[in-house]
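Asks: This is the structure I have questions about; it appears just below.
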Protein chains: 2
Amino acid sequence: MVDDEPQIVRTLRINLSARGYSVLTAHDGTTALEVAAEGKPDVVVLDLGLPDVDGTAVITGLRGWTTVPIIVLSARVDSADKVQALDAGADDYVTKPFGMDELLARLRAAVRRSAVVEGEDAVVETASFTVDLAAKKVRRDGAEVHLTPTEWGLLEILARNRGRLVAQKQLLQDVWGPAYEKETHYLRVYLAQLRRKLEPEPAHPRHLVTEPGMGYRFEP
Amino acid sequence: MVDDEPQIVRTLRINLSARGYSVLTAHDGTTALEVAAEGKPDVVVLDLGLPDVDGTAVITGLRGWTTVPIIVLSARVDSADKVQALDAGADDYVTKPFGMDELLARLRAAVRRSAVVEGEDAVVETASFTVDLAAKKVRRDGAEVHLTPTEWGLLEILARNRGRLVAQKQLLQDVWGPAYEKETHYLRVYLAQLRRKLEPEPAHPRHLVTEPGMGYRFEP
DNA sequence: GCTGCGCGTCAAGGGAACGTCAGGAAGTTC
DNA sequence: GAACTTCCTGACGTTCCCTTGACGCGCAGC
């Protein structure tokens with residue numbers, strides 16, 4: 001929730017919290033980008049009139065690394081503003097003043113849409129183990145396998161991109177953060193641990209495959 | 001495009017056609033569902049005020065079998081209508097009268113969103129092998145072919161420019177870097193390797209074609 | 001015919017990337 | 001504060017890939 005007017009932030013926070021959303025707030029564009037990168041929100045509500053940077057710049061900044069739904073709030077009724085924001089990558093545009101129930105409906109629509117994308121096959125199965133993305137659990141031969149947070153983070157990204165090659169850089173950025181994109185040694189250590197826990201023959205991995213020089217691939 | 005007012009349908013048809021969209025129209029809810037089932041549109045623009053059935057019923061009917069983006073048009077400004085339509089499964093709600101450029105921007109936003117979901121099968125096929133650009137995978141006779149990073153880099157550029165001639169200089173710059181634009185020997189070595197892995201008769205390439213003195217061409 | 005040029009093919013060496021093991025630091029739990 | 005977990009780091013052996021050179025072929029120009 002990004003807005004520079006405290007009372008709007010407050011009203012929205014109350015309404016959204018009451019409905020079970022957990023809300024992160026920012027009052028300008030710079031902190032908005034930081035908070036978003038930190039908190040990985042499921043949906044962004046963004047006021048265009050921010051004190052520091054232009055609202056569309058925030059949209060562009062977000063779109064650089066995420067496809068999270070962005071709902072723009074704005075007092076400007078000029079359609080050129082709408083076009084600009086939508087083409088920058090916003091998903092929806094609501095003009096102030098707005099009804100709370102309308103905003104909530106648009107929020108539900110935005111979340112529902114992205115849930116379709118993510119919610120496909122929350123359970124990934126292989127010949128020797130299963131990964132339950134929603135429950136964050138891994139089973140092998142019926143028994144549950146315990147993974148550390150880092151191990152799970154790695155496995156989750158690979159499982160969500162099953163079949164596709166995931167670049168080392170992306171794995172490092174998503175699990176450890178942007179500053180660690182060169183620490184490929186971490187990947188080797190943790191991939192070895194995952195293989196030891198999950199693969200029938202850790203020395204000859206069938207599901208957690210290395211593509212030398214490029215990255216790793218999860219083969220179901 | 002579903003609307004019972006002929007002039008709106010006409011205006012939209014002209015505007016959309018001029019921008020390269022192909023437009024299917026219906027003037028009531030029943031035919032709308034038929035036309036949609038028949039024509040499998042990429043996005044639906046739906047007026048709520050239809051002569052036969054309620055607009056939300058059309059949304060529900062569509063949502064039974066498709067996740068196609070639905071943009072609702074309506075003269076009703078009452079926010080209860082918006083909430084109802086959005087919760088029924090609509091993706092966006094535009095109030096009449098609306099600016100054409102705004103609607104077009106919302107259309108682009110809707111199409112862009114769904115393109116992200118579908119766009120995961122960027123696959124280039126030839127008679128003897130297939131290249132999956134997104135997964136970075138190459139298959140030949142059903143079996144997966146392993147490529148090294150350099151081989152893949154080369155093939156990717158050629159596949160993305162399939163049918164077009166790609167200059168040696170461009171290949172060398174894109175794969176090896178600007179300093180290597182004279183190392184044409186690299187190209188010969190790696191093209192030979194790709195042909196050996198992918199072509200039925202490596203000595204007589206059909207898909208990875210040399211244009212002597214100029215460059216190479218990927219022929220699907 | 002001979003020579004130079006561009007292209008294709010093959011193989012080998014060196015270096016980069018990878019897998020593995022183990023130990024220590026930091027934080028958690030009881 | 002002891003036991004435990006988790007993460008990071010270093011060392012070493014192995015695997016894989018890029019580069020490079022040598023050679024053959026076809027073609028055009030001298």
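Just so we're on the same page: first chain in the structure tokens is A, next is B, and so on; residues restart at 1 for each chain, and ligands are numbered from 1 in the order they show up.
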Write out chain B, as an mmCIF file with C-alpha atoms, in the first residue's frame, after superposing it onto chain A by least squares using every C-alpha atom paired in order.

Replies:
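Generated file (selection_10.cif):
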```cif
data_model
loop_
_atom_site.group_PDB
_atom_site.id
_atom_site.type_symbol
_atom_site.label_atom_id
_atom_site.label_comp_id
_atom_site.auth_asym_id
_atom_site.auth_seq_id
_atom_site.Cartn_x
_atom_site.Cartn_y
_atom_site.Cartn_z
ATOM 1 C CA MET B 1 -0.588 4.843 -0.322
ATOM 2 C CA VAL B 2 -0.785 8.510 -1.262
ATOM 3 C CA ASP B 3 -3.760 10.585 -0.113
ATOM 4 C CA ASP B 4 -4.206 13.863 1.672
ATOM 5 C CA GLU B 5 -7.324 12.814 3.537
ATOM 6 C CA PRO B 6 -6.255 11.249 6.829
ATOM 7 C CA GLN B 7 -9.331 9.114 7.327
ATOM 8 C CA ILE B 8 -8.964 7.440 3.936
ATOM 9 C CA VAL B 9 -5.318 6.715 4.609
ATOM 10 C CA ARG B 10 -6.262 5.337 7.986
ATOM 11 C CA THR B 11 -9.055 3.109 6.679
ATOM 12 C CA LEU B 12 -6.868 1.731 3.934
ATOM 13 C CA ARG B 13 -3.915 1.184 6.211
ATOM 14 C CA ILE B 14 -6.047 -0.833 8.604
ATOM 15 C CA ASN B 15 -7.613 -2.903 5.845
ATOM 16 C CA LEU B 16 -4.378 -3.563 4.020
ATOM 17 C CA SER B 17 -2.356 -4.325 7.120
ATOM 18 C CA ALA B 18 -4.992 -6.780 8.252
ATOM 19 C CA ARG B 19 -4.469 -8.659 4.976
ATOM 20 C CA GLY B 20 -0.735 -8.879 5.345
ATOM 21 C CA TYR B 21 0.342 -5.933 3.222
ATOM 22 C CA SER B 22 2.913 -3.600 4.679
ATOM 23 C CA VAL B 23 1.901 -0.021 3.997
ATOM 24 C CA LEU B 24 3.921 3.133 3.427
ATOM 25 C CA THR B 25 1.993 6.403 3.344
ATOM 26 C CA ALA B 26 2.450 9.935 2.065
ATOM 27 C CA HIS B 27 0.082 12.871 2.199
ATOM 28 C CA ASP B 28 1.413 14.905 -0.719
ATOM 29 C CA GLY B 29 3.140 14.366 -4.022
ATOM 30 C CA THR B 30 6.623 15.423 -3.037
ATOM 31 C CA THR B 31 6.901 13.060 -0.092
ATOM 32 C CA ALA B 32 5.177 10.401 -2.165
ATOM 33 C CA LEU B 33 8.048 10.400 -4.634
ATOM 34 C CA GLU B 34 10.594 10.327 -1.825
ATOM 35 C CA VAL B 35 8.877 7.512 0.050
ATOM 36 C CA ALA B 36 8.513 5.505 -3.163
ATOM 37 C CA ALA B 37 12.187 5.942 -4.056
ATOM 38 C CA GLU B 38 13.149 4.955 -0.539
ATOM 39 C CA GLY B 39 10.776 2.072 0.082
ATOM 40 C CA LYS B 40 10.508 0.485 -3.409
ATOM 41 C CA PRO B 41 6.843 -0.476 -3.064
ATOM 42 C CA ASP B 42 5.276 -3.359 -5.006
ATOM 43 C CA VAL B 43 2.184 -1.299 -5.870
ATOM 44 C CA VAL B 44 1.170 2.364 -5.504
ATOM 45 C CA VAL B 45 -2.320 3.652 -4.640
ATOM 46 C CA LEU B 46 -2.467 7.304 -5.552
ATOM 47 C CA ASP B 47 -5.110 9.963 -4.961
ATOM 48 C CA LEU B 48 -5.163 12.534 -7.729
ATOM 49 C CA GLY B 49 -6.242 15.464 -5.552
ATOM 50 C CA LEU B 50 -3.057 16.324 -3.740
ATOM 51 C CA PRO B 51 -2.293 19.650 -2.030
ATOM 52 C CA ASP B 52 1.061 20.392 -3.626
ATOM 53 C CA VAL B 53 1.398 18.976 -7.135
ATOM 54 C CA ASP B 54 -0.918 17.558 -9.739
ATOM 55 C CA GLY B 55 -1.481 13.830 -9.448
ATOM 56 C CA THR B 56 -0.416 13.123 -13.013
ATOM 57 C CA ALA B 57 2.922 14.765 -12.234
ATOM 58 C CA VAL B 58 3.436 12.147 -9.527
ATOM 59 C CA ILE B 59 2.650 9.405 -12.024
ATOM 60 C CA THR B 60 5.151 10.844 -14.488
ATOM 61 C CA GLY B 61 7.745 11.164 -11.742
ATOM 62 C CA LEU B 62 7.323 7.521 -10.759
ATOM 63 C CA ARG B 63 7.338 6.277 -14.334
ATOM 64 C CA GLY B 64 10.744 7.871 -14.796
ATOM 65 C CA TRP B 65 12.419 5.046 -12.958
ATOM 66 C CA THR B 66 9.915 2.302 -12.160
ATOM 67 C CA THR B 67 7.217 0.187 -13.762
ATOM 68 C CA VAL B 68 5.504 -0.452 -10.424
ATOM 69 C CA PRO B 69 1.696 -0.775 -10.799
ATOM 70 C CA ILE B 70 -0.094 2.510 -10.036
ATOM 71 C CA ILE B 71 -3.766 2.533 -9.057
ATOM 72 C CA VAL B 72 -5.301 5.971 -9.144
ATOM 73 C CA LEU B 73 -8.052 7.008 -6.731
ATOM 74 C CA SER B 74 -10.107 10.044 -7.585
ATOM 75 C CA ALA B 75 -13.369 11.774 -6.823
ATOM 76 C CA ARG B 76 -13.446 13.159 -10.340
ATOM 77 C CA VAL B 77 -15.740 11.205 -12.590
ATOM 78 C CA ASP B 78 -14.861 13.251 -15.639
ATOM 79 C CA SER B 79 -13.504 10.852 -18.198
ATOM 80 C CA ALA B 80 -10.899 13.368 -19.384
ATOM 81 C CA ASP B 81 -9.186 12.999 -16.010
ATOM 82 C CA LYS B 82 -9.161 9.246 -16.347
ATOM 83 C CA VAL B 83 -7.701 9.408 -19.820
ATOM 84 C CA GLN B 84 -5.015 11.815 -18.689
ATOM 85 C CA ALA B 85 -4.017 9.692 -15.689
ATOM 86 C CA LEU B 86 -4.006 6.425 -17.618
ATOM 87 C CA ASP B 87 -2.004 7.907 -20.463
ATOM 88 C CA ALA B 88 0.474 9.349 -17.992
ATOM 89 C CA GLY B 89 1.246 5.784 -16.990
ATOM 90 C CA ALA B 90 -1.333 4.756 -14.406
ATOM 91 C CA ASP B 91 -2.493 1.158 -14.498
ATOM 92 C CA ASP B 92 -5.973 1.527 -13.100
ATOM 93 C CA TYR B 93 -8.437 4.228 -12.118
ATOM 94 C CA VAL B 94 -10.967 3.859 -9.323
ATOM 95 C CA THR B 95 -13.633 6.485 -8.686
ATOM 96 C CA LYS B 96 -14.487 7.553 -5.169
ATOM 97 C CA PRO B 97 -16.493 6.503 -3.373
ATOM 98 C CA PHE B 98 -15.313 2.939 -3.899
ATOM 99 C CA GLY B 99 -15.947 -0.391 -2.238
ATOM 100 C CA MET B 100 -13.059 -1.708 -0.213
ATOM 101 C CA ASP B 101 -13.419 -5.176 -1.657
ATOM 102 C CA GLU B 102 -13.263 -3.767 -5.164
ATOM 103 C CA LEU B 103 -10.079 -1.871 -4.440
ATOM 104 C CA LEU B 104 -8.586 -4.961 -2.875
ATOM 105 C CA ALA B 105 -9.504 -6.982 -5.963
ATOM 106 C CA ARG B 106 -7.884 -4.392 -8.219
ATOM 107 C CA LEU B 107 -4.834 -4.434 -5.982
ATOM 108 C CA ARG B 108 -4.599 -8.198 -6.281
ATOM 109 C CA ALA B 109 -4.968 -7.944 -10.063
ATOM 110 C CA ALA B 110 -2.200 -5.346 -10.266
ATOM 111 C CA VAL B 111 0.176 -7.272 -8.033
ATOM 112 C CA ARG B 112 -0.554 -10.516 -9.859
ATOM 113 C CA ARG B 113 0.300 -8.916 -13.202
ATOM 114 C CA SER B 114 3.634 -7.575 -12.071
ATOM 115 C CA ALA B 115 4.410 -10.846 -10.336
ATOM 116 C CA VAL B 116 4.292 -12.555 -13.717
ATOM 117 C CA VAL B 117 7.053 -10.286 -14.957
ATOM 118 C CA GLU B 118 9.270 -10.617 -11.938
ATOM 119 C CA GLY B 119 8.523 -14.210 -11.079
ATOM 120 C CA GLU B 120 11.007 -15.492 -13.595
ATOM 121 C CA ASP B 121 13.763 -15.905 -11.067
ATOM 122 C CA ALA B 122 12.531 -18.705 -8.881
ATOM 123 C CA VAL B 123 16.034 -19.614 -7.779
ATOM 124 C CA VAL B 124 16.937 -21.754 -4.797
ATOM 125 C CA GLU B 125 20.488 -21.334 -3.549
ATOM 126 C CA THR B 126 22.714 -23.455 -1.378
ATOM 127 C CA ALA B 127 26.328 -23.081 -0.370
ATOM 128 C CA SER B 128 27.543 -25.246 -3.224
ATOM 129 C CA PHE B 129 24.960 -25.045 -6.003
ATOM 130 C CA THR B 130 21.923 -23.138 -7.266
ATOM 131 C CA VAL B 131 18.660 -24.455 -8.680
ATOM 132 C CA ASP B 132 16.708 -22.317 -11.158
ATOM 133 C CA LEU B 133 13.190 -23.717 -11.072
ATOM 134 C CA ALA B 134 11.864 -21.642 -13.991
ATOM 135 C CA ALA B 135 14.741 -22.280 -16.402
ATOM 136 C CA LYS B 136 15.203 -25.860 -15.228
ATOM 137 C CA LYS B 137 18.905 -25.220 -14.755
ATOM 138 C CA VAL B 138 21.373 -26.212 -12.077
ATOM 139 C CA ARG B 139 24.669 -24.451 -11.621
ATOM 140 C CA ARG B 140 27.629 -25.469 -9.520
ATOM 141 C CA ASP B 141 30.741 -23.287 -9.246
ATOM 142 C CA GLY B 142 29.388 -21.240 -12.130
ATOM 143 C CA ALA B 143 29.311 -24.218 -14.461
ATOM 144 C CA GLU B 144 26.061 -25.698 -15.580
ATOM 145 C CA VAL B 145 25.308 -29.223 -14.395
ATOM 146 C CA HIS B 146 23.352 -31.485 -16.702
ATOM 147 C CA LEU B 147 20.486 -33.432 -15.148
ATOM 148 C CA THR B 148 18.334 -36.147 -16.682
ATOM 149 C CA PRO B 149 14.531 -35.773 -16.591
ATOM 150 C CA THR B 150 14.192 -38.099 -13.612
ATOM 151 C CA GLU B 151 16.991 -36.411 -11.700
ATOM 152 C CA TRP B 152 15.423 -33.037 -12.358
ATOM 153 C CA GLY B 153 11.946 -34.221 -11.374
ATOM 154 C CA LEU B 154 13.273 -35.415 -8.067
ATOM 155 C CA LEU B 155 15.322 -32.311 -7.379
ATOM 156 C CA GLU B 156 12.469 -30.027 -8.336
ATOM 157 C CA ILE B 157 10.086 -31.544 -5.817
ATOM 158 C CA LEU B 158 12.689 -31.424 -3.086
ATOM 159 C CA ALA B 159 13.655 -27.829 -3.928
ATOM 160 C CA ARG B 160 10.046 -26.671 -3.990
ATOM 161 C CA ASN B 161 9.634 -28.222 -0.557
ATOM 162 C CA ARG B 162 12.998 -26.997 0.709
ATOM 163 C CA GLY B 163 13.420 -27.337 4.440
ATOM 164 C CA ARG B 164 10.518 -29.767 4.654
ATOM 165 C CA LEU B 165 10.605 -33.522 4.790
ATOM 166 C CA VAL B 166 9.202 -35.156 1.667
ATOM 167 C CA ALA B 167 7.976 -38.718 2.097
ATOM 168 C CA GLN B 168 9.398 -41.458 -0.121
ATOM 169 C CA LYS B 169 5.901 -42.333 -1.233
ATOM 170 C CA GLN B 170 5.239 -38.798 -2.400
ATOM 171 C CA LEU B 171 8.483 -38.605 -4.341
ATOM 172 C CA LEU B 172 7.842 -41.931 -6.040
ATOM 173 C CA GLN B 173 4.264 -41.044 -6.903
ATOM 174 C CA ASP B 174 5.120 -37.613 -8.262
ATOM 175 C CA VAL B 175 8.146 -38.628 -10.318
ATOM 176 C CA TRP B 176 7.394 -42.188 -11.425
ATOM 177 C CA GLY B 177 3.631 -42.425 -10.961
ATOM 178 C CA PRO B 178 1.191 -44.026 -8.523
ATOM 179 C CA ALA B 179 2.169 -47.579 -9.505
ATOM 180 C CA TYR B 180 5.745 -47.143 -8.313
ATOM 181 C CA GLU B 181 5.198 -46.105 -4.726
ATOM 182 C CA LYS B 182 7.027 -49.173 -3.412
ATOM 183 C CA GLU B 183 10.156 -48.854 -5.602
ATOM 184 C CA THR B 184 12.298 -47.205 -2.964
ATOM 185 C CA HIS B 185 15.393 -48.537 -4.677
ATOM 186 C CA TYR B 186 14.861 -45.958 -7.450
ATOM 187 C CA LEU B 187 15.115 -43.220 -4.868
ATOM 188 C CA ARG B 188 18.405 -44.512 -3.532
ATOM 189 C CA VAL B 189 19.906 -44.726 -7.007
ATOM 190 C CA TYR B 190 18.809 -41.267 -8.076
ATOM 191 C CA LEU B 191 19.590 -39.562 -4.808
ATOM 192 C CA ALA B 192 23.085 -40.983 -5.089
ATOM 193 C CA GLN B 193 23.393 -39.571 -8.602
ATOM 194 C CA LEU B 194 22.159 -36.150 -7.543
ATOM 195 C CA ARG B 195 24.591 -36.107 -4.643
ATOM 196 C CA ARG B 196 27.450 -37.133 -6.875
ATOM 197 C CA LYS B 197 26.626 -34.264 -9.231
ATOM 198 C CA LEU B 198 25.824 -31.619 -6.647
ATOM 199 C CA GLU B 199 27.264 -32.304 -3.223
ATOM 200 C CA PRO B 200 30.882 -31.400 -2.393
ATOM 201 C CA GLU B 201 31.184 -34.653 -0.442
ATOM 202 C CA PRO B 202 28.633 -37.080 -1.858
ATOM 203 C CA ALA B 203 29.262 -39.512 0.972
ATOM 204 C CA HIS B 204 28.361 -36.859 3.537
ATOM 205 C CA PRO B 205 25.457 -34.965 2.020
ATOM 206 C CA ARG B 206 24.707 -31.540 3.437
ATOM 207 C CA HIS B 207 21.820 -30.465 1.241
ATOM 208 C CA LEU B 208 20.141 -33.673 0.104
ATOM 209 C CA VAL B 209 19.558 -35.258 3.458
ATOM 210 C CA THR B 210 18.150 -38.710 4.162
ATOM 211 C CA GLU B 211 15.624 -39.121 6.936
ATOM 212 C CA PRO B 212 15.873 -42.894 7.473
ATOM 213 C CA GLY B 213 12.578 -44.697 7.148
ATOM 214 C CA MET B 214 10.703 -41.564 6.194
ATOM 215 C CA GLY B 215 11.987 -39.673 3.202
ATOM 216 C CA TYR B 216 14.335 -36.935 2.070
ATOM 217 C CA ARG B 217 14.839 -33.273 2.786
ATOM 218 C CA PHE B 218 16.385 -30.436 0.783
ATOM 219 C CA GLU B 219 18.417 -28.231 3.105
ATOM 220 C CA PRO B 220 19.313 -24.855 1.510
#
```

Asks: Write down as a PyMOL selection string the residues of chain B whose backbone DSSP state falls under alpha helix (DSSP H).

Replies: chain B and resi 6-18+29-39+55-63+79-88+100-118+149-160+168-175+184-198

Asks: Once you have the residues from the selection above, write them out as an mmCIF file, in the first residue's frame, restricted to C-alpha atoms.

Replies:
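Ended up saving to part33.cif:
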```
data_model
loop_
_atom_site.group_PDB
_atom_site.id
_atom_site.type_symbol
_atom_site.label_atom_id
_atom_site.label_comp_id
_atom_site.auth_asym_id
_atom_site.auth_seq_id
_atom_site.Cartn_x
_atom_site.Cartn_y
_atom_site.Cartn_z
ATOM 1 C CA PRO B 6 -24.925 -0.979 -32.646
ATOM 2 C CA GLN B 7 -23.023 2.282 -32.757
ATOM 3 C CA ILE B 8 -20.757 1.290 -29.873
ATOM 4 C CA VAL B 9 -20.036 -2.046 -31.493
ATOM 5 C CA ARG B 10 -19.319 -0.266 -34.735
ATOM 6 C CA THR B 11 -16.993 2.322 -33.199
ATOM 7 C CA LEU B 12 -15.069 -0.315 -31.311
ATOM 8 C CA ARG B 13 -14.836 -2.632 -34.275
ATOM 9 C CA ILE B 14 -13.356 0.129 -36.402
ATOM 10 C CA ASN B 15 -10.881 1.187 -33.736
ATOM 11 C CA LEU B 16 -9.793 -2.316 -32.856
ATOM 12 C CA SER B 17 -9.528 -3.526 -36.426
ATOM 13 C CA ALA B 18 -7.409 -0.526 -37.301
ATOM 14 C CA GLY B 29 -25.718 -12.778 -23.936
ATOM 15 C CA THR B 30 -26.811 -16.021 -25.520
ATOM 16 C CA THR B 31 -25.006 -15.451 -28.799
ATOM 17 C CA ALA B 32 -22.081 -14.041 -26.851
ATOM 18 C CA LEU B 33 -21.538 -17.386 -25.159
ATOM 19 C CA GLU B 34 -21.880 -19.222 -28.458
ATOM 20 C CA VAL B 35 -19.508 -16.920 -30.319
ATOM 21 C CA ALA B 36 -16.972 -17.137 -27.490
ATOM 22 C CA ALA B 37 -17.113 -20.940 -27.423
ATOM 23 C CA GLU B 38 -16.739 -21.010 -31.181
ATOM 24 C CA GLY B 39 -14.099 -18.347 -31.699
ATOM 25 C CA GLY B 55 -24.381 -9.468 -17.746
ATOM 26 C CA THR B 56 -23.011 -11.249 -14.698
ATOM 27 C CA ALA B 57 -24.648 -14.441 -15.953
ATOM 28 C CA VAL B 58 -22.541 -14.135 -19.101
ATOM 29 C CA ILE B 59 -19.425 -13.726 -16.981
ATOM 30 C CA THR B 60 -20.311 -16.817 -14.968
ATOM 31 C CA GLY B 61 -21.026 -18.745 -18.153
ATOM 32 C CA LEU B 62 -17.635 -17.839 -19.601
ATOM 33 C CA ARG B 63 -15.772 -18.562 -16.386
ATOM 34 C CA SER B 79 -20.307 0.473 -7.041
ATOM 35 C CA ALA B 80 -22.477 -2.514 -6.098
ATOM 36 C CA ASP B 81 -22.658 -3.393 -9.792
ATOM 37 C CA LYS B 82 -18.908 -3.209 -10.098
ATOM 38 C CA VAL B 83 -18.394 -5.420 -7.087
ATOM 39 C CA GLN B 84 -20.869 -7.957 -8.401
ATOM 40 C CA ALA B 85 -19.284 -8.093 -11.860
ATOM 41 C CA LEU B 86 -15.726 -8.290 -10.558
ATOM 42 C CA ASP B 87 -16.604 -10.986 -8.056
ATOM 43 C CA ALA B 88 -18.377 -12.947 -10.764
ATOM 44 C CA MET B 100 -11.163 5.028 -26.459
ATOM 45 C CA ASP B 101 -7.507 5.315 -25.567
ATOM 46 C CA GLU B 102 -8.259 4.269 -22.011
ATOM 47 C CA LEU B 103 -10.141 1.196 -23.135
ATOM 48 C CA LEU B 104 -7.331 0.329 -25.498
ATOM 49 C CA ALA B 105 -4.823 0.681 -22.660
ATOM 50 C CA ARG B 106 -6.909 -1.596 -20.449
ATOM 51 C CA LEU B 107 -7.162 -4.054 -23.314
ATOM 52 C CA ARG B 108 -3.399 -4.064 -23.707
ATOM 53 C CA ALA B 109 -2.984 -4.574 -19.956
ATOM 54 C CA ALA B 110 -5.405 -7.506 -19.979
ATOM 55 C CA VAL B 111 -3.828 -9.167 -22.994
ATOM 56 C CA ARG B 112 -0.338 -8.623 -21.613
ATOM 57 C CA ARG B 113 -1.282 -10.324 -18.345
ATOM 58 C CA SER B 114 -2.686 -13.410 -19.986
ATOM 59 C CA ALA B 115 0.246 -13.528 -22.374
ATOM 60 C CA VAL B 116 2.527 -14.044 -19.392
ATOM 61 C CA VAL B 117 0.615 -17.175 -18.473
ATOM 62 C CA GLU B 118 0.478 -18.627 -21.940
ATOM 63 C CA PRO B 149 26.229 -22.885 -22.894
ATOM 64 C CA THR B 150 27.970 -21.710 -26.054
ATOM 65 C CA GLU B 151 26.066 -24.128 -28.261
ATOM 66 C CA TRP B 152 22.812 -23.007 -26.703
ATOM 67 C CA GLY B 153 23.678 -19.318 -27.028
ATOM 68 C CA LEU B 154 24.307 -19.775 -30.705
ATOM 69 C CA LEU B 155 21.203 -21.845 -31.328
ATOM 70 C CA GLU B 156 19.029 -19.461 -29.363
ATOM 71 C CA ILE B 157 19.985 -16.465 -31.471
ATOM 72 C CA LEU B 158 19.471 -18.390 -34.676
ATOM 73 C CA ALA B 159 16.120 -19.789 -33.499
ATOM 74 C CA ARG B 160 14.866 -16.384 -32.402
ATOM 75 C CA GLN B 168 28.689 -13.770 -38.412
ATOM 76 C CA LYS B 169 29.627 -10.556 -36.673
ATOM 77 C CA GLN B 170 26.337 -10.441 -34.813
ATOM 78 C CA LEU B 171 26.608 -14.044 -33.682
ATOM 79 C CA LEU B 172 30.160 -13.551 -32.456
ATOM 80 C CA GLN B 173 29.317 -10.335 -30.644
ATOM 81 C CA ASP B 174 26.217 -11.732 -28.973
ATOM 82 C CA VAL B 175 27.689 -15.056 -27.881
ATOM 83 C CA THR B 184 34.951 -16.792 -37.323
ATOM 84 C CA HIS B 185 36.676 -20.083 -36.628
ATOM 85 C CA TYR B 186 34.617 -20.383 -33.420
ATOM 86 C CA LEU B 187 31.472 -20.257 -35.497
ATOM 87 C CA ARG B 188 32.618 -23.055 -37.763
ATOM 88 C CA VAL B 189 33.503 -25.278 -34.821
ATOM 89 C CA TYR B 190 30.255 -24.713 -32.965
ATOM 90 C CA LEU B 191 28.021 -24.867 -35.995
ATOM 91 C CA ALA B 192 29.591 -28.218 -36.782
ATOM 92 C CA GLN B 193 28.843 -29.413 -33.254
ATOM 93 C CA LEU B 194 25.246 -28.234 -33.411
ATOM 94 C CA ARG B 195 24.770 -29.949 -36.751
ATOM 95 C CA ARG B 196 26.278 -33.151 -35.454
ATOM 96 C CA LYS B 197 23.850 -33.096 -32.528
ATOM 97 C CA LEU B 198 20.759 -31.936 -34.375
#
```

Asks: Give the strand (DSSP E) residues of region 12-92 of chain A, as DSSP finds them on the backbone, and put them as number ranges by chain.

Replies: A: 44-47, 70-74, 92

Asks: I need the chosen residues saved as a JSON list (two decimals), in the first residue's frame, with N, CA and C atoms.

Replies:
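Saved the output as part01.json:
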```json
[["chain", "number", "residue", "atom", "x", "y", "z"],
["A", 44, "VAL", "N", -0.07, -5.01, -5.09],
["A", 44, "VAL", "CA", 0.39, -3.66, -4.74],
["A", 44, "VAL", "C", -0.69, -2.65, -5.06],
["A", 45, "VAL", "N", -1.02, -1.79, -4.09],
["A", 45, "VAL", "CA", -1.91, -0.66, -4.34],
["A", 45, "VAL", "C", -1.05, 0.60, -4.30],
["A", 46, "LEU", "N", -1.04, 1.32, -5.41],
["A", 46, "LEU", "CA", -0.07, 2.39, -5.58],
["A", 46, "LEU", "C", -0.73, 3.70, -5.95],
["A", 47, "ASP", "N", -0.50, 4.72, -5.12],
["A", 47, "ASP", "CA", -0.95, 6.07, -5.47],
["A", 47, "ASP", "C", 0.06, 6.69, -6.43],
["A", 70, "ILE", "N", -0.55, -4.85, -9.83],
["A", 70, "ILE", "CA", -0.43, -3.46, -9.36],
["A", 70, "ILE", "C", -1.73, -2.73, -9.65],
["A", 71, "ILE", "N", -2.36, -2.25, -8.59],
["A", 71, "ILE", "CA", -3.57, -1.44, -8.76],
["A", 71, "ILE", "C", -3.21, 0.01, -8.47],
["A", 72, "VAL", "N", -3.44, 0.87, -9.45],
["A", 72, "VAL", "CA", -3.07, 2.27, -9.31],
["A", 72, "VAL", "C", -4.24, 3.08, -8.78],
["A", 73, "LEU", "N", -3.98, 3.91, -7.78],
["A", 73, "LEU", "CA", -4.94, 4.89, -7.31],
["A", 73, "LEU", "C", -4.49, 6.24, -7.81],
["A", 74, "SER", "N", -5.46, 7.08, -8.21],
["A", 74, "SER", "CA", -5.05, 8.41, -8.63],
["A", 74, "SER", "C", -6.22, 9.37, -8.61],
["A", 92, "ASP", "N", -4.52, -2.30, -13.06],
["A", 92, "ASP", "CA", -5.83, -1.67, -12.91],
["A", 92, "ASP", "C", -5.62, -0.23, -12.48]]
```

Asks: Where does chain C meet chain A within 10 Å, residue by residue, with the nearest atom pair and distance in Å to one decimal for each, counting only C-alpha atoms (C1' of nucleotides), listed by chain and rising number, as a Markdown table?

Replies:
```
| residue | atom | partner | partner_atom | distance |
| --- | --- | --- | --- | --- |
| C:DA16 | C1' | A:Gly213 | CA | 9.3 |
| C:DA17 | C1' | A:Gly213 | CA | 6.7 |
| C:DC18 | C1' | A:Arg188 | CA | 7.2 |
| C:DG19 | C1' | A:Arg188 | CA | 7.1 |
| C:DT20 | C1' | A:Ala192 | CA | 7.9 |
```

Asks: Restricting the calculation to only C-alpha atoms (C1' of nucleotides), which member of D:DC27, D:DG10, D:DT19, D:DG1 is positioned closest to chain A?

Replies: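 Closest residue, counting only C-alpha atoms (C1' of nucleotides): D:DG10.
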